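The file upload-v9.cif comes next; it holds mmCIF, C-alpha atoms.
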```
data_work
#
loop_
_atom_site.label_atom_id
_atom_site.label_comp_id
_atom_site.auth_asym_id
_atom_site.auth_seq_id
_atom_site.Cartn_x
_atom_site.Cartn_y
_atom_site.Cartn_z
CA MET A 1 7.80 -0.63 26.22
CA SER A 2 10.00 -3.23 24.62
CA ARG A 3 9.37 -4.05 20.99
CA PRO A 4 10.76 -7.51 20.19
CA GLU A 5 9.46 -7.25 16.61
CA ASP A 6 12.06 -4.57 15.90
CA THR A 7 14.99 -6.87 16.45
CA LEU A 8 13.96 -10.41 15.52
CA SER A 9 11.34 -12.27 13.54
CA ALA A 10 8.56 -13.95 15.52
CA ASP A 11 9.70 -17.54 15.06
CA VAL A 12 13.23 -16.70 16.23
CA HIS A 13 12.20 -14.45 19.11
CA TYR A 14 9.75 -16.88 20.69
CA ASP A 15 12.12 -19.75 21.42
CA ASP A 16 11.47 -22.29 24.17
CA VAL A 17 12.61 -20.00 26.96
CA GLU A 18 10.76 -16.93 25.74
CA ALA A 19 7.56 -18.91 25.02
CA ARG A 20 7.53 -20.34 28.52
CA LYS A 21 8.19 -16.95 30.07
CA TYR A 22 5.43 -15.39 28.03
CA THR A 23 2.87 -18.03 28.94
CA THR A 24 3.61 -18.28 32.64
CA SER A 25 3.69 -14.53 33.31
CA SER A 26 0.51 -13.77 35.19
CA ARG A 27 0.64 -10.16 34.05
CA ILE A 28 0.61 -11.13 30.37
CA GLN A 29 -2.09 -13.71 31.08
CA ASN A 30 -4.31 -11.05 32.63
CA ILE A 31 -3.78 -8.58 29.81
CA GLN A 32 -4.39 -11.23 27.16
CA ALA A 33 -7.52 -12.42 28.92
CA SER A 34 -9.03 -8.95 29.16
CA MET A 35 -8.20 -8.20 25.54
CA THR A 36 -9.75 -11.46 24.37
CA GLN A 37 -12.90 -10.68 26.36
CA ARG A 38 -13.06 -7.29 24.71
CA ALA A 39 -12.59 -8.85 21.28
CA LEU A 40 -15.41 -11.31 21.98
CA GLU A 41 -17.61 -8.43 23.03
CA LEU A 42 -16.88 -6.70 19.73
CA LEU A 43 -17.51 -9.86 17.72
CA ASP A 44 -20.90 -10.23 19.38
CA LEU A 45 -21.38 -13.85 18.30
CA PRO A 46 -24.95 -15.16 18.55
CA GLY A 47 -24.10 -18.82 19.16
CA PRO A 48 -21.33 -21.41 19.18
CA SER A 49 -19.09 -20.51 16.27
CA LEU A 50 -15.94 -21.51 14.47
CA ILE A 51 -13.25 -18.91 15.11
CA LEU A 52 -9.83 -18.42 13.60
CA ASP A 53 -7.20 -17.35 16.13
CA VAL A 54 -4.44 -15.58 14.23
CA GLY A 55 -1.14 -15.72 16.08
CA CYS A 56 -2.62 -17.96 18.77
CA GLY A 57 0.75 -18.52 20.48
CA SER A 58 0.37 -20.79 23.45
CA GLY A 59 -3.40 -20.63 23.32
CA LEU A 60 -3.95 -18.02 26.03
CA SER A 61 -6.68 -16.37 23.98
CA GLY A 62 -8.05 -19.68 22.68
CA GLU A 63 -8.66 -20.94 26.20
CA ILE A 64 -11.04 -18.07 26.74
CA LEU A 65 -12.87 -18.82 23.49
CA SER A 66 -13.42 -22.42 24.61
CA ALA A 67 -14.49 -21.32 28.06
CA VAL A 68 -17.40 -19.06 27.05
CA PRO A 69 -20.43 -20.40 28.95
CA PRO A 70 -23.45 -21.67 26.94
CA ASP A 71 -25.73 -18.84 28.11
CA GLU A 72 -23.36 -16.34 26.50
CA GLY A 73 -23.30 -18.14 23.16
CA GLY A 74 -20.37 -20.45 23.72
CA PRO A 75 -18.37 -22.57 23.83
CA HIS A 76 -16.71 -21.76 20.53
CA ALA A 77 -14.52 -24.02 18.45
CA TRP A 78 -11.30 -22.45 17.29
CA ILE A 79 -8.39 -23.08 14.99
CA GLY A 80 -5.13 -21.34 15.81
CA MET A 81 -2.26 -20.34 13.54
CA ASP A 82 1.19 -19.38 14.75
CA ILE A 83 4.66 -19.22 13.30
CA SER A 84 6.53 -20.09 16.48
CA ALA A 85 6.97 -23.84 17.00
CA SER A 86 8.01 -23.27 20.61
CA MET A 87 4.79 -21.39 21.37
CA LEU A 88 2.74 -24.21 19.84
CA ASP A 89 4.75 -26.69 21.89
CA VAL A 90 3.74 -24.87 25.07
CA ALA A 91 0.14 -24.92 23.80
CA LEU A 92 0.36 -28.70 23.37
CA GLN A 93 1.64 -29.14 26.89
CA ARG A 94 -1.18 -26.98 28.19
CA ASP A 95 -3.59 -29.26 26.34
CA VAL A 96 -5.70 -26.57 24.67
CA GLU A 97 -8.94 -27.55 22.97
CA GLY A 98 -8.51 -25.87 19.62
CA ASP A 99 -6.65 -27.16 16.61
CA LEU A 100 -3.21 -25.73 15.97
CA LEU A 101 -1.41 -24.98 12.76
CA LEU A 102 2.21 -23.98 12.20
CA ALA A 103 1.91 -21.28 9.57
CA ASP A 104 3.18 -17.84 8.70
CA ILE A 105 0.28 -15.39 8.49
CA GLY A 106 2.37 -13.25 6.15
CA GLN A 107 2.12 -16.09 3.61
CA GLY A 108 -1.65 -16.01 3.59
CA VAL A 109 -4.38 -17.96 5.32
CA PRO A 110 -4.65 -21.53 3.97
CA PHE A 111 -8.36 -22.04 4.39
CA ARG A 112 -11.05 -22.29 1.79
CA ALA A 113 -13.46 -19.43 1.23
CA GLY A 114 -16.12 -18.70 3.82
CA ALA A 115 -14.84 -21.15 6.41
CA PHE A 116 -15.02 -19.08 9.59
CA ASP A 117 -17.69 -17.17 11.48
CA ALA A 118 -15.13 -14.82 12.95
CA ALA A 119 -11.47 -14.24 13.58
CA VAL A 120 -9.54 -12.86 16.52
CA SER A 121 -5.94 -11.88 16.75
CA ILE A 122 -4.33 -10.74 19.98
CA SER A 123 -1.02 -8.86 19.81
CA ALA A 124 0.12 -10.44 16.56
CA ILE A 125 -0.27 -8.40 13.42
CA GLN A 126 2.36 -5.78 14.30
CA TRP A 127 4.85 -8.57 13.58
CA LEU A 128 3.83 -8.36 9.93
CA CYS A 129 5.31 -4.89 9.68
CA ASN A 130 8.83 -6.23 10.00
CA ALA A 131 10.03 -8.31 7.08
CA GLU A 132 13.73 -8.88 7.35
CA SER A 133 14.36 -10.33 3.95
CA SER A 134 14.81 -9.12 0.43
CA GLU A 135 12.05 -11.35 -0.92
CA THR A 136 9.10 -9.85 0.89
CA SER A 137 8.08 -6.43 2.05
CA PRO A 138 5.77 -5.58 4.94
CA ALA A 139 3.19 -4.27 2.47
CA GLN A 140 3.22 -7.55 0.57
CA ARG A 141 2.90 -9.62 3.72
CA LEU A 142 0.07 -7.45 5.02
CA ALA A 143 -1.71 -7.72 1.67
CA ARG A 144 -1.41 -11.51 1.63
CA PHE A 145 -2.61 -11.81 5.20
CA PHE A 146 -5.64 -9.55 4.87
CA GLY A 147 -6.49 -10.99 1.44
CA GLY A 148 -6.44 -14.50 2.86
CA LEU A 149 -8.37 -13.50 5.95
CA TYR A 150 -11.04 -11.76 3.90
CA GLN A 151 -11.56 -14.88 1.84
CA SER A 152 -11.68 -17.31 4.71
CA LEU A 153 -14.37 -15.40 6.61
CA LYS A 154 -18.02 -15.91 5.77
CA ARG A 155 -20.07 -12.97 4.51
CA GLY A 156 -21.29 -10.93 7.43
CA GLY A 157 -18.42 -12.23 9.53
CA ARG A 158 -16.20 -10.07 11.67
CA ALA A 159 -12.60 -10.02 12.69
CA VAL A 160 -11.09 -8.22 15.65
CA CYS A 161 -7.33 -7.77 15.69
CA GLN A 162 -5.70 -6.21 18.73
CA PHE A 163 -2.24 -4.95 17.91
CA TYR A 164 0.50 -2.64 19.12
CA PRO A 165 1.30 -0.12 16.39
CA LYS A 166 4.74 1.38 16.75
CA ASN A 167 3.70 4.73 15.30
CA ASP A 168 1.06 6.37 13.16
CA VAL A 169 2.75 5.19 9.99
CA GLN A 170 2.35 1.55 11.00
CA ARG A 171 -1.20 2.10 12.10
CA GLN A 172 -1.98 3.71 8.77
CA MET A 173 -0.23 0.94 6.85
CA ILE A 174 -2.19 -1.81 8.59
CA THR A 175 -5.61 -0.19 8.24
CA ALA A 176 -4.94 0.71 4.61
CA ALA A 177 -4.00 -2.90 3.84
CA ALA A 178 -7.22 -4.12 5.48
CA VAL A 179 -9.38 -1.68 3.55
CA LYS A 180 -7.64 -2.60 0.32
CA ALA A 181 -8.43 -6.28 0.93
CA GLY A 182 -12.13 -5.36 0.98
CA PHE A 183 -12.86 -5.14 4.69
CA GLY A 184 -14.92 -2.45 6.29
CA ALA A 185 -12.32 -1.36 8.81
CA GLY A 186 -12.19 0.84 11.86
CA LEU A 187 -10.01 1.31 14.91
CA LEU A 188 -11.23 1.13 18.48
CA GLU A 189 -8.96 2.50 21.16
CA ASP A 190 -9.29 1.56 24.80
CA ASP A 191 -7.75 3.99 27.30
CA PRO A 192 -6.61 6.42 24.60
CA GLU A 193 -3.79 8.86 25.35
CA THR A 194 -2.47 6.67 28.17
CA LYS A 195 0.43 4.27 28.44
CA ASN A 196 -1.98 1.33 28.43
CA VAL A 197 -3.65 2.21 25.16
CA LYS A 198 -5.05 -0.85 23.38
CA VAL A 199 -5.79 -0.62 19.70
CA TYR A 200 -8.36 -2.95 18.16
CA LEU A 201 -8.79 -3.17 14.43
CA VAL A 202 -12.41 -4.11 13.84
CA LEU A 203 -13.03 -5.62 10.40
CA THR A 204 -16.34 -6.51 8.81
CA VAL A 205 -16.94 -8.59 5.71
CA GLY A 206 -19.85 -7.45 3.57
CA GLY A 207 -22.91 -5.97 5.24
CA ASP A 208 -24.06 -7.77 8.36
CA ALA A 209 -27.57 -8.70 9.30
CA THR A 210 -28.26 -5.40 11.03
CA GLY A 211 -27.53 -3.49 7.85
CA GLY A 212 -24.41 -1.87 9.21
CA ARG A 213 -21.25 -2.13 7.20
CA ASP A 214 -18.46 -1.00 9.47
CA ILE A 215 -17.23 -0.37 12.97
CA THR A 216 -19.73 2.36 13.74
CA SER A 217 -22.53 -0.20 13.65
CA VAL A 218 -20.44 -2.65 15.66
CA VAL A 219 -19.95 -0.27 18.58
CA GLU A 220 -23.48 1.07 18.41
CA GLY A 221 -25.12 0.61 21.78
CA MET A 222 -21.85 0.02 23.59
CA GLU A 223 -21.22 2.11 26.64
CA GLY A 224 -18.46 4.67 26.83
CA VAL A 225 -17.51 4.64 23.17
CA ASP A 226 -17.00 7.93 21.33
CA VAL A 227 -17.28 7.70 17.58
CA MET A 228 -14.88 9.87 15.64
CA ASP A 229 -15.60 9.57 11.96
CA SER A 230 -13.04 11.42 9.86
CA ARG A 231 -14.26 10.10 6.55
CA LYS A 232 -15.53 12.54 3.98
CA LYS A 233 -19.29 12.67 3.83
CA GLY A 234 -21.15 12.70 0.53
CA THR A 235 -19.85 14.29 -2.66
CA LYS A 236 -20.62 17.92 -1.83
CA GLY A 237 -17.85 20.29 -2.79
CA GLY A 238 -16.13 17.51 -4.65
CA LYS A 239 -14.21 17.99 -7.85
CA GLY A 240 -16.99 16.55 -9.99
CA GLU A 241 -19.32 19.44 -9.13
CA ILE A 242 -17.66 22.12 -11.24
CA LYS A 243 -18.19 21.71 -14.97
CA LYS A 244 -15.13 22.16 -17.11
CA GLY A 245 -15.32 25.43 -19.03
CA SER A 246 -17.92 27.01 -16.76
CA LYS A 247 -17.39 30.40 -15.15
CA ALA A 248 -16.67 28.84 -11.75
CA TRP A 249 -14.07 26.60 -13.34
CA ILE A 250 -12.36 29.53 -15.07
CA MET A 251 -12.32 31.57 -11.87
CA ASN A 252 -10.83 28.62 -10.07
CA LYS A 253 -8.11 28.26 -12.67
CA LYS A 254 -7.31 31.95 -12.58
CA GLU A 255 -6.99 31.80 -8.82
CA GLN A 256 -4.67 28.79 -9.11
CA MET A 257 -2.45 30.58 -11.62
CA GLU A 258 -2.39 33.70 -9.49
CA ARG A 259 -1.28 31.67 -6.52
CA LYS A 260 1.54 30.31 -8.64
CA GLY A 261 2.66 33.86 -9.27
CA LYS A 262 1.69 34.00 -12.95
CA VAL A 263 0.31 37.13 -14.60
CA VAL A 264 -3.47 36.78 -14.72
CA LYS A 265 -5.90 39.13 -16.44
CA ALA A 266 -8.31 40.90 -14.13
CA SER A 267 -11.73 39.32 -13.76
CA SER A 268 -14.87 41.18 -14.66
CA LYS A 269 -18.52 40.45 -15.34
CA TYR A 270 -17.50 39.44 -18.87
CA THR A 271 -15.07 36.76 -17.70
CA GLY A 272 -16.07 33.35 -19.00
CA ARG A 273 -18.89 34.68 -21.17
CA LYS A 274 -19.39 33.34 -24.65
CA ARG A 275 -18.52 35.68 -27.47
CA ARG A 276 -21.46 36.75 -29.59
CA ILE A 277 -21.75 34.78 -32.79
CA GLN A 278 -19.80 36.54 -35.52
CA PHE A 279 -21.42 37.15 -38.83
CA MET B 1 -5.82 -32.16 14.00
CA LYS B 2 -9.55 -32.62 13.84
CA LEU B 3 -11.23 -33.77 10.64
CA LEU B 4 -13.32 -30.62 10.92
CA THR B 5 -10.19 -28.55 10.33
CA LEU B 6 -9.15 -30.76 7.44
CA ASN B 7 -12.48 -30.03 5.80
CA PHE B 8 -11.58 -26.32 5.71
CA LEU B 9 -7.90 -26.51 4.84
CA SER B 10 -6.73 -26.05 1.29
CA CYS B 11 -3.27 -25.99 -0.25
CA ALA B 12 -1.35 -22.79 0.54
CA VAL B 13 0.83 -22.83 -2.57
CA LYS B 14 0.09 -19.81 -4.72
CA THR B 15 -0.33 -21.63 -8.03
CA CYS B 16 -2.80 -24.08 -6.45
CA LYS B 17 -5.20 -21.34 -5.32
CA THR B 18 -7.17 -21.47 -8.56
CA SER B 19 -7.20 -25.23 -8.94
CA PRO B 20 -10.19 -27.24 -7.69
CA LEU B 21 -7.79 -30.13 -6.96
CA SER B 22 -6.15 -28.22 -4.12
CA PHE B 23 -9.11 -29.04 -1.88
CA PRO B 24 -9.47 -31.32 0.02
CA LEU B 25 -5.97 -32.26 1.11
CA HIS B 26 -5.46 -36.00 1.13
CA PRO B 27 -4.20 -37.61 4.33
CA LYS B 28 -1.27 -40.01 3.87
CA ASP B 29 0.20 -42.46 6.41
CA ALA B 30 -2.19 -40.94 8.91
CA GLU B 31 -2.15 -42.09 12.50
CA LEU B 32 -5.51 -41.45 14.11
CA ALA B 33 -6.53 -40.91 17.68
CA LYS B 34 -9.81 -40.35 19.41
CA ASP B 35 -10.24 -37.58 21.93
CA ASP B 36 -13.18 -37.10 24.21
CA VAL B 37 -14.80 -33.79 23.37
CA GLU B 38 -17.94 -32.42 24.96
CA PRO B 39 -20.76 -32.71 22.37
CA ASN B 40 -22.01 -29.35 21.14
CA PRO B 41 -24.99 -29.83 18.81
CA ASP B 42 -25.49 -26.06 18.34
CA LEU B 43 -22.00 -25.70 16.99
CA LEU B 44 -22.57 -28.58 14.56
CA THR B 45 -25.81 -27.05 13.33
CA ASN B 46 -23.97 -23.78 12.76
CA ILE B 47 -21.09 -25.39 10.87
CA LEU B 48 -23.11 -27.91 8.87
CA PRO B 49 -24.08 -25.63 5.95
CA ARG B 50 -20.42 -24.66 5.50
CA LEU B 51 -19.11 -28.22 5.47
CA ASP B 52 -18.09 -29.53 2.09
CA TRP B 53 -19.91 -32.83 2.32
CA SER B 54 -18.35 -34.47 -0.73
CA ALA B 55 -14.88 -33.54 0.55
CA LEU B 56 -15.77 -35.02 3.93
CA ARG B 57 -16.89 -38.25 2.24
CA THR B 58 -13.61 -38.44 0.34
CA THR B 59 -11.59 -37.88 3.51
CA ALA B 60 -13.60 -40.44 5.46
CA ALA B 61 -13.17 -43.00 2.70
CA GLU B 62 -9.42 -42.36 2.49
CA LEU B 63 -9.06 -42.83 6.23
CA GLY B 64 -11.02 -46.08 6.06
CA PHE B 65 -14.17 -45.02 7.83
CA PRO B 66 -17.54 -46.61 6.88
CA ASP B 67 -19.24 -44.88 3.96
CA LEU B 68 -21.09 -41.68 4.75
CA PRO B 69 -24.55 -41.06 3.28
CA GLU B 70 -24.72 -39.43 -0.16
CA THR B 71 -26.09 -36.15 1.08
CA ALA B 72 -25.46 -34.12 4.18
CA PRO B 73 -28.00 -34.47 6.99
CA SER B 74 -30.55 -31.69 7.12
CA PRO B 75 -30.54 -29.21 10.01
CA GLU B 76 -33.80 -30.75 11.24
CA GLU B 77 -32.14 -34.12 11.64
CA LEU B 78 -29.45 -32.49 13.75
CA VAL B 79 -31.96 -30.74 15.96
CA GLU B 80 -33.74 -34.03 16.61
CA GLY B 81 -30.52 -35.47 17.94
CA GLY B 82 -29.96 -39.19 18.03
CA LYS B 83 -27.45 -41.20 16.08
CA THR B 84 -26.74 -38.74 13.25
CA VAL B 85 -25.46 -36.08 15.61
CA GLN B 86 -23.49 -38.59 17.60
CA ASP B 87 -21.80 -39.98 14.46
CA LEU B 88 -21.05 -36.57 13.04
CA HIS B 89 -19.65 -35.38 16.36
CA GLU B 90 -17.42 -38.43 16.61
CA LEU B 91 -16.15 -38.01 13.08
CA LEU B 92 -15.60 -34.24 13.03
CA MET B 93 -14.69 -33.32 16.57
CA GLU B 94 -13.26 -36.41 18.24
CA THR B 95 -11.24 -38.00 15.45
CA GLN B 96 -7.76 -36.51 15.35
CA ILE B 97 -4.92 -36.95 12.91
CA VAL B 98 -1.89 -37.15 15.17
CA GLU B 99 0.92 -38.02 12.79
CA GLY B 100 1.15 -38.26 9.03
CA LYS B 101 1.07 -36.08 5.98
CA LEU B 102 -1.45 -34.06 4.05
CA VAL B 103 -0.95 -34.13 0.30
CA CYS B 104 -2.24 -31.56 -2.16
CA GLY B 105 -4.00 -33.15 -5.11
CA CYS B 106 -2.78 -30.42 -7.45
CA CYS B 107 0.92 -29.79 -6.81
CA GLY B 108 1.66 -32.83 -4.67
CA HIS B 109 3.13 -30.75 -1.84
CA GLU B 110 3.22 -32.71 1.40
CA TYR B 111 2.38 -30.94 4.64
CA ALA B 112 3.74 -32.83 7.61
CA VAL B 113 1.51 -33.35 10.65
CA ARG B 114 3.33 -33.91 13.92
CA GLU B 115 1.72 -34.22 17.32
CA GLY B 116 -1.50 -33.04 15.74
CA ILE B 117 0.01 -29.82 14.36
CA ALA B 118 0.20 -29.41 10.61
CA ASN B 119 3.17 -27.53 9.25
CA PHE B 120 2.01 -25.01 6.66
CA LEU B 121 5.24 -23.04 6.46
CA LEU B 122 6.25 -22.73 2.83
CA PRO B 123 9.56 -21.89 1.22
CA SER B 124 9.31 -18.39 -0.17
CA HIS B 125 9.33 -19.41 -3.85
CA LEU B 126 6.00 -21.22 -3.43
CA VAL B 127 4.17 -18.33 -1.78
#
```

Can you dump the structure from the file as structure tokens?
Amino acid sequence: MSRPEDTLSADVHYDDVEARKYTTSSRIQNIQASMTQRALELLDLPGPSLILDVGCGSGLSGEILSAVPPDEGGPHAWIGMDISASMLDVALQRDVEGDLLLADIGQGVPFRAGAFDAAVSISAIQWLCNAESSETSPAQRLARFFGGLYQSLKRGGRAVCQFYPKNDVQRQMITAAAVKAGFGAGLLEDDPETKNVKVYLVLTVGGDATGGRDITSVVEGMEGVDVMDSRKKGTKGGKGEIKKGSKAWIMNKKEQMERKGKVVKASSKYTGRKRRIQF
Amino acid sequence: MKLLTLNFLSCAVKTCKTSPLSFPLHPKDAELAKDDVEPNPDLLTNILPRLDWSALRTTAAELGFPDLPETAPSPEELVEGGKTVQDLHELLMETQIVEGKLVCGCCGHEYAVREGIANFLLPSHLV
């Protein structure tokens, strides 16, 4: 799979030729359409909403947002942001319904707090991981983007970002940045372990109406989804359990020292006992 | 760019984030156009509580529209339909800023609008 983000920045890569190619390719159109549908399914919007399309490009995903029929809660209004002027130019020629904005998502999201019901992003945020300048780092750009996005969503809102992580490091970096910004974050993988794997980062802001706080409540009731929760549960066995100076603590320390190869006195039933009070 | 979007946009410059003057952005030399958009009263009802009504009044006054009422219409008025919905729909959804500038009231940065697309790219020292 080619990775244009490795060689060029988004605004340089998507010039007029590339933008046209991207938009007219029926294969890309199909993939984008199916991913947008999936994102909408994950957002589960109750009625016509205001959606932010991050990295909207030529409006392939936006078209689908505008085309949701009324009986499925649509049509939605959307505002798109993209850094590539050529892509937006193609969007203008295609006469899309949403509003467009030429902006760099790595510089933040210029909307006031609580503006949007939801946000979608299709194949965009992996571009944030490449910052070819001395002034910014990927971590900084990710932090600005997720910070801005968190602010601009209303409480109980959701964001679904489909992206192509290059490797586990990138995947980790992106999710960590989202969690740090305050989102409840989780990854959904479609067709895992295949060449066509699609990774969706599902973000929630605050608790939603159903009481759920993260992705596990989002995918609840969806068919064919396996939940793999690798988070630590509760505080059992945590460090706070053992009191400093107690017998368990001393035994633990002795074991640590022994592992380090230090000389440690043998343990007995008297280990860690208080001395009797001297006269 | 729709007036609806303008009601949500604030200045992107870092030092303006904390200032109340950075919202709303003030249109300058704006060229307006009217697009036909399918009315969607449900969408308006959904967005209404999030609209900053005083900012909308300021924008409307600056663009030379007739004065808006002091307070935002209630959701009930929107459900009833009639002229309020029609007016609001025309103002928010159909009125477009095609060319012009958006000026921040705090730092004075001018964001150019061309063919309905606002340019929010900033030089790196302002981010």

Could you list, as an NGL selection string, the residues of chain B having an atom within 7 Å of chain A when counting all atoms listed in the file?
:B and (1-2 or 8-12 or 42-43 or 46 or 50 or 117-121 or 127)

Evaluate the PyMOL selection byres ((chain B and resi 74) around 12) and record the selected residues as a VMD selection string, following the chain and residue labels used in the document.
chain B and resid 44 to 49 53 69 71 to 73 75 to 81 84 to 85

Which residues, named as in the file, does the PyMOL selection byres ((chain B and resi 14-28) around 8) pick out? Answer as a PyMOL selection string.
(chain A and resi 112) or (chain B and resi 6-13+29-30+55+59+62-63+100-107+126-127)

Spell out the residues picked by the PyMOL selection byres ((chain B and resi 87) around 12) here, as a list in words.
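With the shown file as input, the PyMOL selection byres ((chain B and resi 87) around 12) matches Pro39, Pro41, Leu44, Phe65, Pro66, Asp67, Leu68, Pro69, Pro73, Leu78, Gly81, Gly82, Lys83, Thr84, Val85, Gln86, Leu88, His89, Glu90, Leu91, Leu92, Met93, Glu94 and Thr95 of chain B.
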
Looking at only C-alpha atoms, which of B:Gln96, B:Leu3, B:His109, B:Ser124 is the one that sits closest to Leu56 (chain B)?
B:Leu3

With 5 Å added on each side, what axis-aligned box encloses every listed atom of region 64-72 of chain A? Give the centre and edge lengths in Å to one decimal, as AutoDock Vina command-line options.
```
--center_x -18.4 --center_y -19.4 --center_z 26.2 --size_x 24.7 --size_y 16.1 --size_z 15.5
```

Neighbours of Ala178 (chain A) within 9 Å (all atoms listed in the file; same-chain residues fewer than 2 positions away dropped), as a list in words?
Leu142, Ala143, Phe145, Phe146, Gly147, Tyr150, Met173, Ile174, Thr175, Ala176, Lys180, Ala181, Gly182, Phe183, Gly184, Ala185 and Leu203 of chain A

Go through A:Asp226, A:Arg155, A:Glu193, A:Ile250 one by one, measure the shortest atom-to-atom distance of each to Gly206 (chain A) using all atoms listed in the file, and give the residue with the smallest value.
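Between A:Asp226, A:Arg155, A:Glu193, A:Ile250, the residue approaching Gly206 (chain A) most closely is A:Arg155.
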
Please produce region 182-199 of chain A, completed to N, CA and C atoms, as a PDB file, in the coordinates of the input.
```pdb
ATOM      1  N   GLY A 182     -10.671  -5.334   1.130  1.00  0.00           N
ATOM      2  CA  GLY A 182     -12.130  -5.360   0.980  1.00  0.00           C
ATOM      3  C   GLY A 182     -12.888  -5.244   2.283  1.00  0.00           C
ATOM      4  N   PHE A 183     -12.185  -5.226   3.403  1.00  0.00           N
ATOM      5  CA  PHE A 183     -12.860  -5.140   4.690  1.00  0.00           C
ATOM      6  C   PHE A 183     -13.459  -3.753   4.916  1.00  0.00           C
ATOM      7  N   GLY A 184     -14.521  -3.706   5.680  1.00  0.00           N
ATOM      8  CA  GLY A 184     -14.920  -2.450   6.290  1.00  0.00           C
ATOM      9  C   GLY A 184     -14.112  -2.365   7.570  1.00  0.00           C
ATOM     10  N   ALA A 185     -13.266  -1.353   7.691  1.00  0.00           N
ATOM     11  CA  ALA A 185     -12.320  -1.360   8.810  1.00  0.00           C
ATOM     12  C   ALA A 185     -12.493  -0.140   9.691  1.00  0.00           C
ATOM     13  N   GLY A 186     -12.187  -0.279  10.944  1.00  0.00           N
ATOM     14  CA  GLY A 186     -12.190   0.840  11.860  1.00  0.00           C
ATOM     15  C   GLY A 186     -11.326   0.505  13.065  1.00  0.00           C
ATOM     16  N   LEU A 187     -10.842   1.535  13.732  1.00  0.00           N
ATOM     17  CA  LEU A 187     -10.010   1.310  14.910  1.00  0.00           C
ATOM     18  C   LEU A 187     -10.775   1.684  16.166  1.00  0.00           C
ATOM     19  N   LEU A 188     -10.677   0.814  17.176  1.00  0.00           N
ATOM     20  CA  LEU A 188     -11.230   1.130  18.480  1.00  0.00           C
ATOM     21  C   LEU A 188     -10.074   1.243  19.448  1.00  0.00           C
ATOM     22  N   GLU A 189     -10.033   2.336  20.189  1.00  0.00           N
ATOM     23  CA  GLU A 189      -8.960   2.500  21.160  1.00  0.00           C
ATOM     24  C   GLU A 189      -9.520   2.457  22.561  1.00  0.00           C
ATOM     25  N   ASP A 190      -8.951   1.573  23.382  1.00  0.00           N
ATOM     26  CA  ASP A 190      -9.290   1.560  24.800  1.00  0.00           C
ATOM     27  C   ASP A 190      -8.231   2.351  25.545  1.00  0.00           C
ATOM     28  N   ASP A 191      -8.649   3.119  26.537  1.00  0.00           N
ATOM     29  CA  ASP A 191      -7.750   3.990  27.300  1.00  0.00           C
ATOM     30  C   ASP A 191      -6.871   4.830  26.373  1.00  0.00           C
ATOM     31  N   PRO A 192      -7.454   5.635  25.498  1.00  0.00           N
ATOM     32  CA  PRO A 192      -6.610   6.420  24.600  1.00  0.00           C
ATOM     33  C   PRO A 192      -5.778   7.427  25.375  1.00  0.00           C
ATOM     34  N   GLU A 193      -4.679   7.847  24.786  1.00  0.00           N
ATOM     35  CA  GLU A 193      -3.790   8.860  25.350  1.00  0.00           C
ATOM     36  C   GLU A 193      -3.123   8.411  26.644  1.00  0.00           C
ATOM     37  N   THR A 194      -3.196   7.134  26.990  1.00  0.00           N
ATOM     38  CA  THR A 194      -2.470   6.670  28.170  1.00  0.00           C
ATOM     39  C   THR A 194      -1.414   5.674  27.734  1.00  0.00           C
ATOM     40  N   LYS A 195      -0.621   5.233  28.746  1.00  0.00           N
ATOM     41  CA  LYS A 195       0.430   4.270  28.440  1.00  0.00           C
ATOM     42  C   LYS A 195      -0.184   2.914  28.083  1.00  0.00           C
ATOM     43  N   ASN A 196      -1.366   2.640  28.629  1.00  0.00           N
ATOM     44  CA  ASN A 196      -1.980   1.330  28.430  1.00  0.00           C
ATOM     45  C   ASN A 196      -2.923   1.284  27.242  1.00  0.00           C
ATOM     46  N   VAL A 197      -2.717   2.175  26.278  1.00  0.00           N
ATOM     47  CA  VAL A 197      -3.650   2.210  25.160  1.00  0.00           C
ATOM     48  C   VAL A 197      -3.667   0.861  24.445  1.00  0.00           C
ATOM     49  N   LYS A 198      -4.900   0.406  24.117  1.00  0.00           N
ATOM     50  CA  LYS A 198      -5.050  -0.850  23.380  1.00  0.00           C
ATOM     51  C   LYS A 198      -5.782  -0.529  22.090  1.00  0.00           C
ATOM     52  N   VAL A 199      -5.192  -0.916  20.994  1.00  0.00           N
ATOM     53  CA  VAL A 199      -5.790  -0.620  19.700  1.00  0.00           C
ATOM     54  C   VAL A 199      -6.408  -1.889  19.130  1.00  0.00           C
TER      55      VAL A 199
END
```
